[in-house]
$ cat coords.cif   # mmCIF, C-alpha atoms and all ligand atoms
data_entry
#
loop_
_atom_site.label_atom_id
_atom_site.label_comp_id
_atom_site.auth_asym_id
_atom_site.auth_seq_id
_atom_site.Cartn_x
_atom_site.Cartn_y
_atom_site.Cartn_z
CA MET D 168 0.00 0.00 0.00
CA ILE D 169 1.22 3.51 -0.88
CA SER D 170 0.68 6.09 1.87
CA THR D 171 0.87 9.84 1.40
CA ASP D 172 -0.49 13.14 2.70
CA LEU D 173 -2.02 14.28 -0.59
CA LEU D 174 -2.93 11.92 -3.41
CA ILE D 175 -3.15 13.72 -6.74
CA ILE D 176 -5.10 12.03 -9.51
CA GLY D 177 -3.63 13.33 -12.77
CA ALA D 178 -0.01 14.27 -13.45
CA GLY D 179 -0.75 17.08 -15.90
CA PRO D 180 0.69 20.57 -15.28
CA THR D 181 -1.86 21.28 -12.53
CA GLY D 182 -1.11 18.08 -10.61
CA LEU D 183 2.64 18.57 -10.99
CA PHE D 184 2.59 22.15 -9.74
CA ALA D 185 0.42 21.07 -6.79
CA VAL D 186 3.36 18.92 -5.65
CA PHE D 187 5.52 22.05 -5.42
CA GLU D 188 2.98 24.06 -3.45
CA ALA D 189 2.29 21.10 -1.15
CA GLY D 190 6.05 20.64 -0.67
CA LEU D 191 6.41 24.21 0.59
CA LEU D 192 3.87 23.24 3.25
CA LYS D 193 5.81 20.04 4.05
CA LEU D 194 3.05 17.83 2.61
CA LYS D 195 4.13 14.67 0.81
CA CYS D 196 2.42 13.89 -2.52
CA HIS D 197 1.84 10.86 -4.70
CA LEU D 198 0.43 11.10 -8.23
CA ILE D 199 -1.55 8.56 -10.26
CA ASP D 200 -1.85 8.92 -14.02
CA ALA D 201 -3.40 6.69 -16.62
CA LEU D 202 -0.72 7.72 -19.10
CA PRO D 203 2.74 6.18 -19.00
CA GLN D 204 4.41 9.57 -18.53
CA PRO D 205 3.68 12.83 -16.66
CA GLY D 206 2.56 16.02 -18.43
CA GLY D 207 -1.10 15.41 -19.27
CA GLN D 208 -2.33 17.09 -22.45
CA LEU D 209 0.99 18.89 -22.91
CA THR D 210 3.00 15.70 -23.31
CA GLU D 211 0.32 13.63 -24.96
CA LEU D 212 -1.25 16.13 -27.36
CA TYR D 213 1.17 18.97 -28.13
CA PRO D 214 4.69 18.46 -26.71
CA LYS D 215 6.39 20.52 -29.41
CA LYS D 216 3.94 23.42 -29.57
CA PRO D 217 5.03 26.71 -28.00
CA ILE D 218 2.77 28.12 -25.26
CA PHE D 219 2.69 31.90 -25.06
CA ASP D 220 0.66 32.55 -21.91
CA ILE D 221 2.74 31.08 -19.10
CA PRO D 222 3.77 33.98 -16.83
CA GLY D 223 7.45 34.74 -17.15
CA TYR D 224 7.92 32.72 -20.34
CA PRO D 225 7.36 34.72 -23.55
CA ALA D 226 7.27 31.29 -25.24
CA ILE D 227 7.91 27.79 -23.96
CA ASN D 228 7.41 24.43 -25.64
CA ALA D 229 4.82 22.33 -23.84
CA GLY D 230 7.32 19.49 -23.39
CA ASP D 231 9.89 21.87 -21.89
CA LEU D 232 7.31 23.25 -19.45
CA VAL D 233 6.65 19.71 -18.22
CA ASP D 234 10.40 19.06 -17.90
CA ASN D 235 10.75 22.27 -15.88
CA LEU D 236 7.84 21.34 -13.62
CA MET D 237 9.42 17.92 -13.03
CA GLU D 238 12.73 19.63 -12.18
CA GLN D 239 10.95 22.04 -9.82
CA ILE D 240 9.21 19.26 -7.86
CA LYS D 241 12.14 16.80 -7.81
CA GLN D 242 13.24 18.16 -4.42
CA PHE D 243 9.89 17.13 -2.92
CA GLN D 244 10.34 13.51 -4.03
CA PRO D 245 6.78 12.79 -5.22
CA GLY D 246 5.78 9.20 -5.84
CA PHE D 247 4.20 8.17 -9.16
CA THR D 248 1.82 5.40 -10.13
CA LEU D 249 1.91 5.72 -13.93
CA GLY D 250 -0.03 3.78 -16.54
CA GLU D 251 -2.83 3.11 -14.02
CA THR D 252 -6.28 4.64 -13.71
CA ALA D 253 -7.85 5.66 -10.39
CA GLU D 254 -11.02 3.56 -10.36
CA ILE D 255 -12.37 3.26 -6.81
CA ILE D 256 -12.37 5.69 -3.90
CA ASN D 257 -13.37 4.82 -0.32
CA LYS D 258 -13.66 7.38 2.43
CA LEU D 259 -12.53 5.68 5.65
CA GLU D 260 -14.01 6.25 9.11
CA ASP D 261 -11.17 8.56 10.16
CA GLY D 262 -11.83 10.86 7.17
CA THR D 263 -8.84 9.61 5.15
CA PHE D 264 -9.14 8.02 1.71
CA GLU D 265 -8.26 4.83 -0.07
CA VAL D 266 -7.94 5.01 -3.85
CA ILE D 267 -7.58 1.81 -5.84
CA SER D 268 -6.32 1.72 -9.42
CA ASN D 269 -7.52 -0.48 -12.28
CA LYS D 270 -4.45 -2.66 -11.64
CA GLY D 271 -5.28 -3.08 -7.95
CA THR D 272 -2.67 -0.65 -6.53
CA VAL D 273 -3.97 0.69 -3.21
CA HIS D 274 -3.18 4.28 -2.21
CA HIS D 275 -3.96 5.73 1.20
CA ALA D 276 -4.09 9.51 1.64
CA LYS D 277 -5.21 12.18 4.08
CA ALA D 278 -6.70 14.22 1.22
CA VAL D 279 -7.31 13.71 -2.50
CA ALA D 280 -6.93 16.27 -5.28
CA ILE D 281 -8.45 15.32 -8.62
CA ALA D 282 -6.39 17.02 -11.34
CA GLY D 283 -7.77 14.77 -14.04
CA GLY D 284 -8.05 17.36 -16.83
CA LEU D 285 -10.48 16.23 -19.48
CA GLY D 286 -10.29 12.71 -18.06
CA THR D 287 -8.35 9.68 -19.12
CA PHE D 288 -7.43 9.57 -22.77
CA GLU D 289 -9.04 6.68 -24.59
CA PRO D 290 -7.39 5.79 -27.88
CA ARG D 291 -9.51 6.12 -31.02
CA LYS D 292 -9.52 2.57 -32.31
CA PRO D 293 -9.71 1.70 -35.99
CA LEU D 294 -12.82 -0.22 -36.95
CA LEU D 295 -11.26 -3.60 -37.64
CA GLU D 296 -13.18 -6.78 -37.03
CA ASN D 297 -10.82 -8.69 -34.74
CA ILE D 298 -8.78 -5.85 -33.26
CA GLU D 299 -9.70 -6.67 -29.63
CA LYS D 300 -8.25 -10.15 -30.06
CA PHE D 301 -4.84 -8.68 -30.83
CA GLU D 302 -4.81 -6.00 -28.11
CA GLU D 303 -1.74 -6.75 -25.98
CA ASN D 304 -0.88 -9.34 -28.64
CA GLY D 305 0.69 -7.02 -31.16
CA VAL D 306 -1.77 -4.13 -31.29
CA GLU D 307 -0.58 -1.19 -29.15
CA TYR D 308 -2.39 2.15 -28.88
CA PHE D 309 0.42 3.86 -26.90
CA VAL D 310 4.18 3.52 -27.10
CA LYS D 311 4.79 2.99 -23.40
CA GLU D 312 8.25 1.45 -23.60
CA PRO D 313 10.13 1.94 -26.91
CA GLU D 314 12.56 -0.89 -26.05
CA HIS D 315 9.60 -3.27 -26.38
CA PHE D 316 9.97 -2.78 -30.16
CA ARG D 317 13.75 -3.31 -30.34
CA ASN D 318 14.61 -5.32 -33.49
CA LYS D 319 10.93 -5.92 -34.27
CA LYS D 320 8.92 -5.13 -37.38
CA ILE D 321 6.33 -2.45 -36.72
CA VAL D 322 3.56 -0.75 -38.67
CA ILE D 323 2.38 2.67 -37.49
CA ALA D 324 -0.85 4.14 -38.86
CA GLY D 325 -1.82 7.80 -38.56
CA GLY D 326 -1.11 11.22 -39.99
CA GLY D 327 -0.54 13.48 -36.97
CA ASP D 328 2.35 14.39 -34.71
CA SER D 329 2.25 11.16 -32.68
CA ALA D 330 2.49 8.94 -35.75
CA LEU D 331 5.31 11.04 -37.23
CA ASP D 332 7.26 11.36 -33.97
CA TRP D 333 7.09 7.68 -33.10
CA ALA D 334 7.96 6.62 -36.66
CA ILE D 335 11.06 8.84 -36.41
CA PHE D 336 12.04 7.65 -32.93
CA LEU D 337 11.41 3.96 -33.56
CA SER D 338 13.29 3.98 -36.89
CA ASP D 339 16.41 3.69 -34.69
CA VAL D 340 14.97 0.95 -32.51
CA ALA D 341 12.81 -1.36 -34.64
CA SER D 342 14.22 -3.55 -37.42
CA GLU D 343 11.58 -2.27 -39.86
CA VAL D 344 9.21 0.70 -39.62
CA THR D 345 6.27 1.12 -41.98
CA LEU D 346 4.18 4.29 -41.75
CA ILE D 347 0.72 4.23 -43.27
CA HIS D 348 -1.64 7.16 -43.72
CA ARG D 349 -4.92 7.43 -45.57
CA ARG D 350 -3.85 10.72 -47.18
CA ASN D 351 -0.68 11.82 -48.88
CA GLU D 352 -0.45 14.89 -46.65
CA PHE D 353 0.57 14.74 -42.98
CA ARG D 354 -0.67 17.15 -40.36
CA GLY D 355 2.21 17.72 -38.01
CA ALA D 356 5.18 19.89 -37.13
CA LEU D 357 7.13 20.84 -40.27
CA ASP D 358 10.45 19.50 -38.96
CA SER D 359 8.82 16.11 -38.19
CA VAL D 360 7.38 15.86 -41.72
CA GLU D 361 10.81 16.74 -43.15
CA LYS D 362 12.55 14.17 -40.91
CA VAL D 363 10.15 11.44 -42.06
CA GLN D 364 10.84 12.42 -45.68
CA ALA D 365 14.60 12.17 -45.03
CA LEU D 366 14.24 8.79 -43.29
CA LYS D 367 12.10 7.52 -46.16
CA ASP D 368 14.77 8.65 -48.64
CA ALA D 369 17.43 6.91 -46.53
CA GLY D 370 15.36 3.68 -46.59
CA LYS D 371 14.80 3.73 -42.82
CA ILE D 372 11.02 4.26 -43.00
CA ASN D 373 8.77 2.47 -45.42
CA LEU D 374 6.07 5.07 -46.20
CA ILE D 375 2.80 3.96 -47.79
CA THR D 376 0.19 6.61 -48.70
CA PRO D 377 -2.67 6.83 -49.36
CA ALA D 378 -3.46 3.57 -47.62
CA GLU D 379 -5.79 2.12 -45.01
CA VAL D 380 -5.47 -0.96 -42.85
CA VAL D 381 -8.33 -3.32 -43.68
CA ALA D 382 -7.48 -6.51 -41.79
CA LEU D 383 -5.27 -7.94 -39.08
CA LYS D 384 -3.84 -11.43 -39.43
CA GLY D 385 -2.27 -13.92 -37.03
CA ASP D 386 -3.07 -16.72 -34.61
CA SER D 387 -2.54 -15.72 -30.99
CA HIS D 388 -0.22 -12.81 -31.92
CA ILE D 389 -0.42 -10.50 -34.88
CA SER D 390 1.78 -11.61 -37.80
CA ALA D 391 0.64 -9.39 -40.68
CA ILE D 392 -1.74 -6.64 -41.66
CA SER D 393 -3.61 -6.15 -44.92
CA ILE D 394 -3.73 -2.67 -46.34
CA LYS D 395 -5.71 -1.18 -49.19
CA SER D 396 -3.73 1.23 -51.29
CA ASN D 397 -4.93 2.52 -54.68
CA ASP D 398 -7.54 -0.28 -54.85
CA GLU D 399 -4.88 -2.89 -54.30
CA ILE D 400 -4.75 -5.15 -51.22
CA ILE D 401 -1.24 -5.69 -49.90
CA ASP D 402 -0.14 -7.86 -46.97
CA ILE D 403 2.68 -6.60 -44.77
CA GLU D 404 4.38 -8.90 -42.28
CA THR D 405 4.72 -7.29 -38.89
CA ASP D 406 5.23 -7.99 -35.20
CA PHE D 407 3.31 -4.91 -34.04
CA PHE D 408 0.56 -2.66 -35.34
CA ILE D 409 0.44 0.78 -33.67
CA PRO D 410 -2.63 2.82 -34.72
CA LEU D 411 -2.16 6.43 -33.56
CA PHE D 412 -5.48 8.05 -34.49
CA GLY D 413 -5.74 10.42 -31.56
CA LEU D 414 -7.30 10.21 -28.12
CA THR D 415 -10.76 10.91 -26.77
CA PRO D 416 -10.95 12.19 -23.20
CA LYS D 417 -13.38 10.42 -20.82
CA LEU D 418 -14.07 11.34 -17.18
CA GLY D 419 -14.46 7.60 -16.58
CA ALA D 420 -14.85 6.10 -13.11
CA ILE D 421 -14.51 9.49 -11.38
CA ALA D 422 -17.99 10.35 -12.66
CA ASN D 423 -19.39 7.63 -10.33
CA TRP D 424 -17.69 8.77 -7.12
CA GLY D 425 -20.70 10.75 -5.86
CA LEU D 426 -19.21 14.08 -6.89
CA GLU D 427 -21.43 16.85 -8.23
CA ILE D 428 -20.86 16.89 -11.98
CA GLU D 429 -21.88 19.60 -14.43
CA LYS D 430 -21.20 19.29 -18.15
CA ASN D 431 -18.60 16.56 -17.64
CA ALA D 432 -16.68 18.62 -15.04
CA ILE D 433 -16.61 18.51 -11.22
CA LYS D 434 -18.30 21.37 -9.36
CA VAL D 435 -16.09 23.01 -6.73
CA ASN D 436 -16.18 25.76 -4.16
CA ASN D 437 -14.13 28.37 -5.98
CA ALA D 438 -14.75 31.05 -3.36
CA LEU D 439 -12.57 29.12 -0.92
CA ASP D 440 -10.40 26.14 -1.76
CA TYR D 441 -11.64 24.17 -4.79
CA GLN D 442 -13.15 21.47 -2.59
CA THR D 443 -15.87 19.31 -4.08
CA ASN D 444 -19.15 18.34 -2.41
CA ILE D 445 -17.19 15.56 -0.62
CA ASP D 446 -15.14 16.91 2.29
CA GLY D 447 -11.44 16.17 1.69
CA ILE D 448 -11.73 15.69 -2.07
CA TYR D 449 -10.62 18.67 -4.16
CA ALA D 450 -10.76 19.19 -7.94
CA ILE D 451 -8.28 21.50 -9.69
CA GLY D 452 -7.38 22.40 -13.26
CA ASP D 453 -9.37 21.53 -16.36
CA VAL D 454 -11.43 18.90 -14.51
CA ASN D 455 -13.37 21.39 -12.38
CA THR D 456 -16.07 23.91 -13.04
CA TYR D 457 -17.32 27.07 -11.31
CA PRO D 458 -18.72 30.39 -12.51
CA GLY D 459 -16.18 32.03 -14.80
CA LYS D 460 -13.97 28.94 -15.10
CA LEU D 461 -11.19 29.13 -17.71
CA LYS D 462 -9.43 25.96 -18.84
CA LEU D 463 -5.93 27.43 -18.83
CA ILE D 464 -2.70 26.16 -17.36
CA LEU D 465 -2.13 29.27 -15.26
CA CYS D 466 -5.63 28.94 -13.72
CA GLY D 467 -4.75 25.36 -12.72
CA PHE D 468 -1.56 26.60 -11.02
CA HIS D 469 -3.56 29.15 -9.00
CA GLU D 470 -6.19 26.59 -8.00
CA ALA D 471 -3.47 24.13 -6.94
CA THR D 472 -1.93 26.78 -4.67
CA LEU D 473 -5.16 27.56 -2.81
CA MET D 474 -6.10 23.89 -2.60
CA CYS D 475 -2.79 23.05 -0.87
CA GLN D 476 -3.39 25.69 1.82
CA SER D 477 -6.74 24.06 2.58
CA VAL D 478 -5.20 20.57 2.68
CA TYR D 479 -2.57 21.88 5.12
CA ASN D 480 -5.30 23.16 7.46
CA ARG D 481 -7.19 19.88 7.15
CA ILE D 482 -4.13 17.79 8.01
CA ASN D 483 -2.87 20.17 10.73
CA PRO D 484 -6.02 21.36 12.51
CA GLY D 485 -5.40 24.26 14.87
CA LYS D 486 -1.89 24.89 13.52
CA LYS D 487 -1.60 28.37 12.08
CA TYR D 488 0.20 28.70 8.78
CA VAL D 489 1.74 32.05 7.97
CA LEU D 490 2.37 32.63 4.27
CA LYS D 491 6.08 33.06 3.60
CA TYR D 492 7.69 34.22 0.36
CA THR D 493 10.15 31.68 -1.05
CA THR D 494 12.61 34.55 -1.51
CA VAL D 495 12.54 34.95 2.28
CA SER D 496 12.01 31.40 3.56
CA GLY D 497 13.99 29.58 0.84
CA VAL D 498 12.92 26.05 -0.09
CA ASP D 499 13.76 22.98 1.98
CA GLY D 500 13.57 19.87 -0.18
CA PHE D 501 12.58 16.51 1.29
CA ASP D 502 15.84 15.25 -0.19
CA GLY D 503 17.87 17.40 2.21
CA THR D 504 18.58 20.15 -0.33
CA ARG D 505 18.08 23.79 0.57
CA LYS D 506 17.60 26.69 -1.84
CA GLU D 507 17.82 30.24 -0.62
CA ALA D 508 18.87 33.67 -1.70
CA GLU D 509 22.22 34.86 -0.39
CA LYS D 510 21.70 36.39 3.02
CA ALA D 511 22.71 39.97 3.70
CA VAL D 512 25.84 40.17 5.86
CA VAL D 513 26.56 42.72 8.51
CA MET D 514 30.09 43.93 7.86
CA LYS D 515 32.00 47.03 8.64
CA ILE D 516 33.43 48.81 5.61
CA ASP D 517 36.72 50.54 6.38
C1 LIG D 601 -3.68 21.65 -28.59
C2 LIG D 601 -3.85 22.35 -27.26
C3 LIG D 601 -3.22 23.56 -27.04
C4 LIG D 601 -3.35 24.23 -25.82
N1 LIG D 601 -2.73 25.43 -25.64
C5 LIG D 601 -2.80 26.06 -24.43
C6 LIG D 601 -2.14 27.31 -24.21
O1 LIG D 601 -1.53 27.88 -25.11
N2 LIG D 601 -2.23 27.87 -22.96
C7 LIG D 601 -2.93 27.29 -21.92
O2 LIG D 601 -2.95 27.82 -20.81
N3 LIG D 601 -3.59 26.11 -22.13
C8 LIG D 601 -3.53 25.48 -23.34
N4 LIG D 601 -4.21 24.30 -23.54
C9 LIG D 601 -5.02 23.77 -22.42
C10 LIG D 601 -4.09 23.09 -21.39
O3 LIG D 601 -3.38 22.03 -22.01
C11 LIG D 601 -4.92 22.58 -20.24
O4 LIG D 601 -5.53 23.68 -19.59
C12 LIG D 601 -4.03 21.83 -19.25
O5 LIG D 601 -3.44 20.69 -19.83
C13 LIG D 601 -4.83 21.40 -18.03
O6 LIG D 601 -3.96 20.76 -17.17
P1 LIG D 601 -4.49 19.67 -16.11
O7 LIG D 601 -3.28 19.24 -15.37
O8 LIG D 601 -5.62 20.26 -15.38
O9 LIG D 601 -5.09 18.49 -16.99
P2 LIG D 601 -4.44 17.55 -18.11
O10 LIG D 601 -3.28 18.20 -18.77
O11 LIG D 601 -5.57 17.12 -18.97
O12 LIG D 601 -3.91 16.30 -17.29
C14 LIG D 601 -4.82 15.46 -16.65
C15 LIG D 601 -4.20 14.11 -16.44
O13 LIG D 601 -5.07 13.34 -15.61
C16 LIG D 601 -5.03 11.99 -16.02
N5 LIG D 601 -6.25 11.33 -15.54
C17 LIG D 601 -7.53 11.70 -15.73
N6 LIG D 601 -8.37 10.87 -15.10
C18 LIG D 601 -7.59 9.94 -14.47
C19 LIG D 601 -7.86 8.81 -13.66
N7 LIG D 601 -9.10 8.43 -13.31
N8 LIG D 601 -6.80 8.07 -13.22
C20 LIG D 601 -5.53 8.41 -13.55
N9 LIG D 601 -5.22 9.47 -14.32
C21 LIG D 601 -6.24 10.23 -14.77
C22 LIG D 601 -4.93 12.08 -17.53
O14 LIG D 601 -4.33 10.89 -18.05
C23 LIG D 601 -4.02 13.31 -17.71
O15 LIG D 601 -2.66 12.96 -17.85
C24 LIG D 601 -4.12 23.65 -24.77
C25 LIG D 601 -4.74 22.41 -24.98
C26 LIG D 601 -4.62 21.77 -26.20
C27 LIG D 601 -5.30 20.43 -26.41
#
$ encode --input "coords.cif" --output "structure tokens" --more "lines below"
Ligand SMILES: Cc1cc2nc3c(=O)[nH]c(=O)nc-3n(C[C@H](O)[C@H](O)[C@H](O)COP(=O)(O)OP(=O)(O)OC[C@H]3O[C@@H](n4cnc5c(N)ncnc54)[C@H](O)[C@@H]3O)c2cc1C
Amino acid sequence: MISTDLLIIGAGPTGLFAVFEAGLLKLKCHLIDALPQPGGQLTELYPKKPIFDIPGYPAINAGDLVDNLMEQIKQFQPGFTLGETAEIINKLEDGTFEVISNKGTVHHAKAVAIAGGLGTFEPRKPLLENIEKFEENGVEYFVKEPEHFRNKKIVIAGGGDSALDWAIFLSDVASEVTLIHRRNEFRGALDSVEKVQALKDAGKINLITPAEVVALKGDSHISAISIKSNDEIIDIETDFFIPLFGLTPKLGAIANWGLEIEKNAIKVNNALDYQTNIDGIYAIGDVNTYPGKLKLILCGFHEATLMCQSVYNRINPGKKYVLKYTTVSGVDGFDGTRKEAEKAVVMKID
């Protein structure tokens, strides 16, 4: 069992920044995310896009913002349960919570912050007759561990950034990479399209367009796919088929936790601390709703900050917290590190 002060469901920018604010208050955090990596929408949907409305950054790539957030919270040693979905929540008699993931991991926490964004991302699956049979047997909707594909034949289908980026990355890992798209044009970052062109020219990516996968073949594990290209059916031998057709967000199990939901978002008390209708469960970032709500990263950061103050008071009843500027108090990491501005010295000048 994993025990923590604050359990954060969702490791997007809001959840990550909450770890920092909680750390300043000496609260230990653990995060659960259904995705195999932290960063939420920024990592999954637009890692290479520049964001222009993060205070203090005239422009920062989404992926770099996530890296910076991870660097900023490192000192507070958060725990992560990645690749697992928070499915069940039980409020215990003493007011603490137990959250159980879809893989049976049990987390115990004094408070819970749902930072689940638009929900878990469900892959858009191609409509192929026997695709379920091959899930986990050669059909993969996410690239969780690139080494899994070392020296294997893979077929990637899709025309967006994910398909392009993984085709580029895996061309150095897999023994054979085929990229299939139903159009001749790709919709992605210009440098990714150019890299794929260069890798195709160098014979490292086998590009087939316009083409569509029409059948999957194999016994217990996939062994080939059939594609239709210019009215011709072609079979391609492969060990893996990776359809990257985008993701649909779903609130999922959280919607059944007894929380007040409005238009697929969790209602919170925005006048105070972003608490939900269940005492001890907070909702911050894109997942919540209140009058005037804006689904912006900087709003999530603000909500995370106020939520942590409330969690502190909940965990330390009667203990008064006095807000201190980090420039004055410095930052004491749980790893023994200390960051502080140079102190003024009292010295006589001759
Ligand atoms: C293309 C695009 C461009 C954008 N540009 C900007 C911009 O320029 N500026 C800006 O401010 N905002 C922008 N946004 C919006 C911004 O990305 C969101 O406001 C932000 O990601 C919200 O962060 P979050 O942490 O609340 O949620 P998310 O980033 O959505 O992260 C939520 C995480 O929770 C996880 N999760 C959900 N449910 C569960 C569960 N039950 N168990 C486990 N894990 C769960 C999900 O897997 C996800 O990783 C953009 C969004 C998109 C799609």
$ atom_distance --input "coords.cif" --atom1 "atom O4 of ligand LIG 601 (chain D)" --atom2 "CA of Gln476 in chain D"
21.6 Å
$ axis_aligned_box --input "coords.cif" --around "ligand LIG 601 (chain D)" --padding-each-side "3 Å" --output "AutoDock Vina command-line options"
--center_x -5.3 --center_y 18.0 --center_z -20.9 --size_x 13.6 --size_y 25.8 --size_z 21.4
$ residues_near_ligand --input "coords.cif" --ligand "ligand LIG 601 (chain D)" --cutoff "7 Å" --atoms "all atoms listed in the file" --output "PyMOL selection string"
chain D and resi 176-182+199-202+205-209+212-213+218-221+251-254+282-288+418-421+451-454+462-465+467
$ write_last_selection --input "coords.cif" --atoms "C-alpha atoms" --output "PDB file, in the frame of the given file"
ATOM      1  CA  ILE D 176      -5.100  12.030  -9.510  1.00  0.00           C
ATOM      2  CA  GLY D 177      -3.630  13.330 -12.770  1.00  0.00           C
ATOM      3  CA  ALA D 178      -0.010  14.270 -13.450  1.00  0.00           C
ATOM      4  CA  GLY D 179      -0.750  17.080 -15.900  1.00  0.00           C
ATOM      5  CA  PRO D 180       0.690  20.570 -15.280  1.00  0.00           C
ATOM      6  CA  THR D 181      -1.860  21.280 -12.530  1.00  0.00           C
ATOM      7  CA  GLY D 182      -1.110  18.080 -10.610  1.00  0.00           C
ATOM      8  CA  ILE D 199      -1.550   8.560 -10.260  1.00  0.00           C
ATOM      9  CA  ASP D 200      -1.850   8.920 -14.020  1.00  0.00           C
ATOM     10  CA  ALA D 201      -3.400   6.690 -16.620  1.00  0.00           C
ATOM     11  CA  LEU D 202      -0.720   7.720 -19.100  1.00  0.00           C
ATOM     12  CA  PRO D 205       3.680  12.830 -16.660  1.00  0.00           C
ATOM     13  CA  GLY D 206       2.560  16.020 -18.430  1.00  0.00           C
ATOM     14  CA  GLY D 207      -1.100  15.410 -19.270  1.00  0.00           C
ATOM     15  CA  GLN D 208      -2.330  17.090 -22.450  1.00  0.00           C
ATOM     16  CA  LEU D 209       0.990  18.890 -22.910  1.00  0.00           C
ATOM     17  CA  LEU D 212      -1.250  16.130 -27.360  1.00  0.00           C
ATOM     18  CA  TYR D 213       1.170  18.970 -28.130  1.00  0.00           C
ATOM     19  CA  ILE D 218       2.770  28.120 -25.260  1.00  0.00           C
ATOM     20  CA  PHE D 219       2.690  31.900 -25.060  1.00  0.00           C
ATOM     21  CA  ASP D 220       0.660  32.550 -21.910  1.00  0.00           C
ATOM     22  CA  ILE D 221       2.740  31.080 -19.100  1.00  0.00           C
ATOM     23  CA  GLU D 251      -2.830   3.110 -14.020  1.00  0.00           C
ATOM     24  CA  THR D 252      -6.280   4.640 -13.710  1.00  0.00           C
ATOM     25  CA  ALA D 253      -7.850   5.660 -10.390  1.00  0.00           C
ATOM     26  CA  GLU D 254     -11.020   3.560 -10.360  1.00  0.00           C
ATOM     27  CA  ALA D 282      -6.390  17.020 -11.340  1.00  0.00           C
ATOM     28  CA  GLY D 283      -7.770  14.770 -14.040  1.00  0.00           C
ATOM     29  CA  GLY D 284      -8.050  17.360 -16.830  1.00  0.00           C
ATOM     30  CA  LEU D 285     -10.480  16.230 -19.480  1.00  0.00           C
ATOM     31  CA  GLY D 286     -10.290  12.710 -18.060  1.00  0.00           C
ATOM     32  CA  THR D 287      -8.350   9.680 -19.120  1.00  0.00           C
ATOM     33  CA  PHE D 288      -7.430   9.570 -22.770  1.00  0.00           C
ATOM     34  CA  LEU D 418     -14.070  11.340 -17.180  1.00  0.00           C
ATOM     35  CA  GLY D 419     -14.460   7.600 -16.580  1.00  0.00           C
ATOM     36  CA  ALA D 420     -14.850   6.100 -13.110  1.00  0.00           C
ATOM     37  CA  ILE D 421     -14.510   9.490 -11.380  1.00  0.00           C
ATOM     38  CA  ILE D 451      -8.280  21.500  -9.690  1.00  0.00           C
ATOM     39  CA  GLY D 452      -7.380  22.400 -13.260  1.00  0.00           C
ATOM     40  CA  ASP D 453      -9.370  21.530 -16.360  1.00  0.00           C
ATOM     41  CA  VAL D 454     -11.430  18.900 -14.510  1.00  0.00           C
ATOM     42  CA  LYS D 462      -9.430  25.960 -18.840  1.00  0.00           C
ATOM     43  CA  LEU D 463      -5.930  27.430 -18.830  1.00  0.00           C
ATOM     44  CA  ILE D 464      -2.700  26.160 -17.360  1.00  0.00           C
ATOM     45  CA  LEU D 465      -2.130  29.270 -15.260  1.00  0.00           C
ATOM     46  CA  GLY D 467      -4.750  25.360 -12.720  1.00  0.00           C
TER      47      GLY D 467
END
$ residues_around --input "coords.cif" --residues "Pro293 in chain D" --least-positions-apart "3" --cutoff "12 Å" --atoms "all atoms listed in the file" --output "JSON, numbers by chain"
{"D": [290, 296, 297, 298, 299, 306, 307, 308, 324, 325, 379, 380, 381, 382, 383, 408, 409, 410, 411, 412, 413, 414]}
$ atom_distance --input "coords.cif" --atom1 "CA of Gly447 in chain D" --atom2 "CA of Pro203 in chain D"
27.0 Å
$ atom_distance --input "coords.cif" --atom1 "CA of Lys320 in chain D" --atom2 "CA of Ser359 in chain D"
21.3 Å
$ residues_around --input "coords.cif" --residues "Glu507 in chain D" --least-positions-apart "4" --cutoff "8 Å" --atoms "all atoms listed in the file" --output "NGL selection string"
:D and (493-498)
$ write_last_selection --input "coords.cif" --atoms "C-alpha atoms" --output "PDB file, keeping the file's coordinate frame"
ATOM      1  CA  THR D 493      10.150  31.680  -1.050  1.00  0.00           C
ATOM      2  CA  THR D 494      12.610  34.550  -1.510  1.00  0.00           C
ATOM      3  CA  VAL D 495      12.540  34.950   2.280  1.00  0.00           C
ATOM      4  CA  SER D 496      12.010  31.400   3.560  1.00  0.00           C
ATOM      5  CA  GLY D 497      13.990  29.580   0.840  1.00  0.00           C
ATOM      6  CA  VAL D 498      12.920  26.050  -0.090  1.00  0.00           C
TER       7      VAL D 498
END
$ closest_residue --input "coords.cif" --among "D:Asp261, D:Lys371, D:Ala508, D:Ala280" --to "Ala189 in chain D" --atoms "all atoms listed in the file"
D:Ala280
$ closest_residue --input "coords.cif" --among "D:Asp368, D:Asp446, D:Asp502, D:Asp440" --to "Cys475 in chain D" --atoms "all atoms listed in the file"
D:Asp440
$ closest_residue --input "coords.cif" --among "D:Glu312, D:Tyr441, D:Lys487, D:Gln204" --to "Gly250 in chain D" --atoms "only C-alpha atoms"
D:Gln204
$ closest_residue --input "coords.cif" --among "D:Thr263, D:Ser390, D:Gln364, D:Thr405" --to "Ile323 in chain D" --atoms "all atoms listed in the file"
D:Thr405
$ residues_around --input "coords.cif" --residues "Ser170 in chain D" --least-positions-apart "5" --cutoff "8 Å" --atoms "all atoms listed in the file" --output "CSV table (one decimal) with C-alpha atoms, in the frame of the given file"
chain,number,residue,atom,x,y,z
D,274,HIS,CA,-3.2,4.3,-2.2
D,275,HIS,CA,-4.0,5.7,1.2
D,276,ALA,CA,-4.1,9.5,1.6
$ residues_around --input "coords.cif" --residues "Tyr457 in chain D" --least-positions-apart "6" --cutoff "10 Å" --atoms "all atoms listed in the file" --output "list in words"
Glu429, Ala432, Ile433, Lys434, Val435, Asn436, Asn437, Ala438 and Tyr441 of chain D
